[in-house]
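Containing CSV, C-alpha atoms: structure-v1.csv.
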chain,number,residue,atom,x,y,z
A,1,MET,CA,0.0,0.0,0.0
A,2,ALA,CA,1.2,3.5,-0.8
A,3,LYS,CA,1.5,5.9,2.0
A,4,GLY,CA,-0.6,9.1,2.3
A,5,HIS,CA,-4.0,10.3,1.4
A,6,ARG,CA,-5.4,9.4,-2.0
A,7,SER,CA,-5.3,13.0,-3.3
A,8,GLN,CA,-1.7,13.3,-2.2
A,9,ILE,CA,-0.8,10.1,-4.1
A,10,LYS,CA,-2.6,11.4,-7.2
A,11,ARG,CA,-0.8,14.7,-6.9
A,12,GLU,CA,2.6,13.0,-6.7
A,13,ARG,CA,1.8,10.8,-9.7
A,14,ASN,CA,0.6,13.7,-11.8
A,15,ALA,CA,3.7,15.8,-10.9
A,16,LYS,CA,5.9,13.4,-12.8
A,17,LYS,CA,5.5,14.9,-16.3
A,18,ASP,CA,7.1,13.3,-19.3
A,19,THR,CA,9.3,16.1,-20.9
A,20,ARG,CA,10.1,14.1,-24.0
A,21,PRO,CA,8.7,15.6,-27.3
A,22,SER,CA,5.7,13.8,-28.7
A,23,ALA,CA,2.8,14.1,-31.1
A,24,LYS,CA,-0.6,12.5,-31.0
A,25,LEU,CA,-3.1,11.9,-33.8
A,26,SER,CA,-6.6,11.2,-32.4
A,27,TYR,CA,-9.4,9.6,-34.4
A,28,ALA,CA,-7.2,8.4,-37.2
A,29,ARG,CA,-9.4,6.4,-39.7
A,30,VAL,CA,-7.2,3.3,-39.6
A,31,SER,CA,-7.5,0.3,-37.4
A,32,VAL,CA,-5.0,-0.4,-34.6
A,33,GLN,CA,-3.8,-3.6,-36.2
A,34,LYS,CA,-3.0,-1.9,-39.5
A,35,ALA,CA,-1.3,1.1,-37.7
A,36,CYS,CA,0.8,-1.3,-35.6
A,37,PHE,CA,2.4,-2.9,-38.7
A,38,VAL,CA,3.9,0.5,-39.6
A,39,LEU,CA,4.7,1.5,-36.0
A,40,ASP,CA,6.7,-1.7,-35.4
A,41,ALA,CA,8.9,-0.9,-38.4
A,42,ILE,CA,10.0,2.5,-37.0
A,43,ARG,CA,10.2,1.8,-33.2
A,44,GLY,CA,13.7,2.4,-31.9
A,45,LYS,CA,15.1,3.9,-35.2
A,46,ASP,CA,16.6,7.3,-35.5
A,47,VAL,CA,14.3,9.8,-37.2
A,48,GLN,CA,16.1,10.0,-40.6
A,49,THR,CA,15.8,6.2,-41.0
A,50,ALA,CA,12.2,6.2,-39.8
A,51,LEU,CA,11.2,8.9,-42.3
A,52,GLY,CA,12.9,6.9,-45.0
A,53,ILE,CA,11.0,3.8,-44.0
A,54,LEU,CA,7.7,5.7,-43.9
A,55,GLU,CA,8.3,7.4,-47.3
A,56,TYR,CA,8.5,4.0,-49.2
A,57,ASN,CA,6.1,2.0,-47.1
A,58,PRO,CA,3.0,1.2,-49.3
A,59,ARG,CA,0.5,1.1,-46.4
A,60,TYR,CA,-2.1,3.8,-46.0
A,61,ALA,CA,-1.1,4.3,-42.3
A,62,SER,CA,2.5,5.2,-43.2
A,63,SER,CA,1.4,8.5,-44.7
A,64,LEU,CA,-0.5,9.4,-41.5
A,65,ILE,CA,2.4,8.3,-39.3
A,66,LYS,CA,5.0,10.2,-41.4
A,67,LYS,CA,3.1,13.5,-40.9
A,68,LEU,CA,2.9,12.7,-37.2
A,69,LEU,CA,6.6,11.9,-36.9
A,70,GLU,CA,7.4,15.2,-38.7
A,71,SER,CA,5.2,17.0,-36.2
A,72,ALA,CA,7.0,15.4,-33.3
A,73,ILE,CA,10.3,16.4,-34.8
A,74,ALA,CA,9.1,20.0,-35.1
A,75,ASN,CA,7.9,19.9,-31.5
A,76,ALA,CA,11.4,18.7,-30.4
A,77,GLU,CA,13.2,21.4,-32.3
A,78,ASN,CA,10.9,24.4,-31.4
A,79,ASN,CA,9.7,23.6,-27.9
A,80,ASN,CA,12.6,21.6,-26.4
A,81,GLY,CA,15.5,23.0,-28.5
A,82,MET,CA,16.8,19.5,-29.4
A,83,ASN,CA,19.0,18.7,-32.4
A,84,LYS,CA,17.2,16.8,-35.1
A,85,ASP,CA,20.3,14.6,-35.8
A,86,ASN,CA,20.3,13.1,-32.2
A,87,LEU,CA,16.6,12.2,-32.1
A,88,TYR,CA,15.2,8.7,-32.2
A,89,VAL,CA,11.7,7.1,-31.9
A,90,ALA,CA,11.6,6.1,-28.2
A,91,GLU,CA,7.9,5.0,-28.1
A,92,CYS,CA,5.2,4.7,-30.7
A,93,TYR,CA,1.9,3.0,-30.1
A,94,ALA,CA,-1.7,3.0,-31.3
A,95,ASN,CA,-4.7,2.8,-28.9
A,96,LYS,CA,-8.2,1.8,-29.8
A,97,GLY,CA,-10.6,4.7,-30.7
A,98,PRO,CA,-14.4,4.7,-31.3
A,99,ILE,CA,-16.0,2.5,-33.9
A,100,MET,CA,-18.4,3.8,-36.5
A,101,LYS,CA,-21.1,1.2,-37.1
A,102,ARG,CA,-22.6,0.9,-40.6
A,103,VAL,CA,-25.2,-1.4,-42.1
A,104,ARG,CA,-24.7,-3.5,-45.2
A,105,PRO,CA,-27.8,-4.8,-46.9
A,106,ARG,CA,-27.6,-8.5,-47.6
A,107,ALA,CA,-29.9,-11.1,-49.3
A,108,GLN,CA,-33.4,-11.8,-48.1
A,109,GLY,CA,-33.8,-8.6,-46.2
A,110,ARG,CA,-30.9,-9.2,-43.8
A,111,ALA,CA,-28.5,-6.5,-42.6
A,112,TYR,CA,-24.9,-7.1,-41.8
A,113,ARG,CA,-22.9,-4.7,-39.6
A,114,ILE,CA,-19.8,-3.1,-40.9
A,115,GLU,CA,-17.4,-1.7,-38.2
A,116,LYS,CA,-15.1,1.2,-39.3
A,117,ARG,CA,-12.5,1.3,-36.7
A,118,MET,CA,-10.5,4.3,-35.5
A,119,SER,CA,-7.3,4.7,-33.5
A,120,HIS,CA,-5.3,7.2,-31.5
A,121,ILE,CA,-1.7,7.1,-32.6
A,122,THR,CA,1.2,8.5,-30.4
A,123,VAL,CA,4.8,9.0,-31.3
A,124,VAL,CA,7.4,9.9,-28.5
A,125,LEU,CA,10.9,11.0,-29.4
A,126,ASP,CA,14.1,11.1,-27.3
A,127,GLU,CA,17.7,12.2,-27.7
A,128,ARG,CA,20.6,9.8,-27.8
Output the file's structure as structure tokens, nothing else.
Amino acid sequence: MAKGHRSQIKRERNAKKDTRPSAKLSYARVSVQKACFVLDAIRGKDVQTALGILEYNPRYASSLIKKLLESAIANAENNNGMNKDNLYVAECYANKGPIMKRVRPRAQGRAYRIEKRMSHITVVLDER
């Protein structure tokens, strides 16, 4: 058990802010599984290599993640004063977002449900 009152524990937990530069894309119209294929390819790589991988990756999610990575690089340079050459992808992950439910007409008056999935994609950079 942690010591202290619940509000004190929460205050201490929230005080530990992550100062690493990051960028988040919410409600991306791509499923988590499809985004993770691309994210697994760039995790741990330096940003120049990651941008090269994303440039020539044929998947739709790679174009979204490329813009997101460029945004995270700009955040690192402008907000944190970091050098672009020393940056690498420390974390990148996709969380589940809401699902749009659509109906597909089928034979004999039936209706099948189509689920259009969304995801929240996050890229966190760090310096070597």
Item to check | d(CA of Cys92 (chain A), CA of Glu115 (chain A)) in Å | outcome: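 Atom-to-atom, CA of Cys92 (chain A) and CA of Glu115 (chain A) are spaced 24.7 Å apart.
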Checklist entry - Using all atoms listed in the file, which of A:Met100, A:Ala23, A:Ala76, A:Val89 sits nearest Met118 (chain A)? => result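 Residue with the minimum atom-to-atom distance to Met118 (chain A): A:Met100.
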Each residue of region 33-111 of chain A with at least one atom at most 7 Å from region 120-127 of chain A should appear once, together with its nearest atom pair and the corresponding distance in Å (one decimal); atoms considered: all atoms listed in the file; ordering: chain, then increasing residue number; output as a tab-separated table.
residue	atom	partner	partner_atom	distance
A:Leu69	CA	A:Val123	CA	6.6
A:Asn86	CA	A:Glu127	CA	5.3
A:Leu87	CA	A:Glu127	CA	4.5
A:Tyr88	CA	A:Asp126	CA	5.6
A:Val89	CA	A:Leu125	CA	4.7
A:Ala90	CA	A:Leu125	CA	5.1
A:Glu91	CA	A:Val124	CA	4.9
A:Cys92	CA	A:Val123	CA	4.4
A:Tyr93	CA	A:Thr122	CA	5.6
A:Ala94	CA	A:Ile121	CA	4.3
A:Asn95	CA	A:His120	CA	5.1
A:Lys96	CA	A:His120	CA	6.4
A:Gly97	CA	A:His120	CA	5.9
Checklist entry - Which residues come within 10 Å of region 48-63 of chain A, counting all atoms listed in the file, excluding same-chain residues fewer than 6 positions away, as a VMD selection string? => result chain A and resid 28 to 32 34 to 39 41 to 42 69 to 70 84 to 89
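The spacing separating CA of Lys67 (chain A) from CA of Lys24 (chain A) amounts to 10.6 Å.
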Next on the checklist: Taking (-17.5, -1.2, -37.8) as a centre in this file's frame and 9 Å as the limit, can you find every polymer residue with an atom that close, using all atoms listed in the file, and give them as a VMD selection string?
Outcome noted: chain A and resid 99 to 103 113 to 117
Output the selection as a PDB file, in the coordinates of the input - C-alpha atoms for each residue.
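So out.pdb came out as:
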ATOM      1  CA  ILE A  99     -16.000   2.500 -33.900  1.00  0.00           C
ATOM      2  CA  MET A 100     -18.400   3.800 -36.500  1.00  0.00           C
ATOM      3  CA  LYS A 101     -21.100   1.200 -37.100  1.00  0.00           C
ATOM      4  CA  ARG A 102     -22.600   0.900 -40.600  1.00  0.00           C
ATOM      5  CA  VAL A 103     -25.200  -1.400 -42.100  1.00  0.00           C
ATOM      6  CA  ARG A 113     -22.900  -4.700 -39.600  1.00  0.00           C
ATOM      7  CA  ILE A 114     -19.800  -3.100 -40.900  1.00  0.00           C
ATOM      8  CA  GLU A 115     -17.400  -1.700 -38.200  1.00  0.00           C
ATOM      9  CA  LYS A 116     -15.100   1.200 -39.300  1.00  0.00           C
ATOM     10  CA  ARG A 117     -12.500   1.300 -36.700  1.00  0.00           C
TER      11      ARG A 117
END
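Taking CA of Arg43 (chain A) as the reference point, CA of Leu25 (chain A) is found at 16.7 Å.
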Checklist outcome for this item: Restricting to all atoms listed in the file, whichever of A:Arg106, A:Arg6, A:Arg13, A:Arg128 is closest to Val47 (chain A) is A:Arg128
Checklist entry - From the set A:Leu64, A:Gln8, A:Pro98, A:Lys16, which residue has the shortest atom-to-atom contact distance to Ser119 (chain A), counting all atoms listed in the file? => result A:Pro98
Item to check | Selected residue of minimal separation from Asn75 (chain A) among A:Lys45, A:Gln33, A:Thr19, A:Arg104, counting only C-alpha atoms | outcome: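 Looking at the shortest contact to Asn75 (chain A), the residue is A:Thr19.
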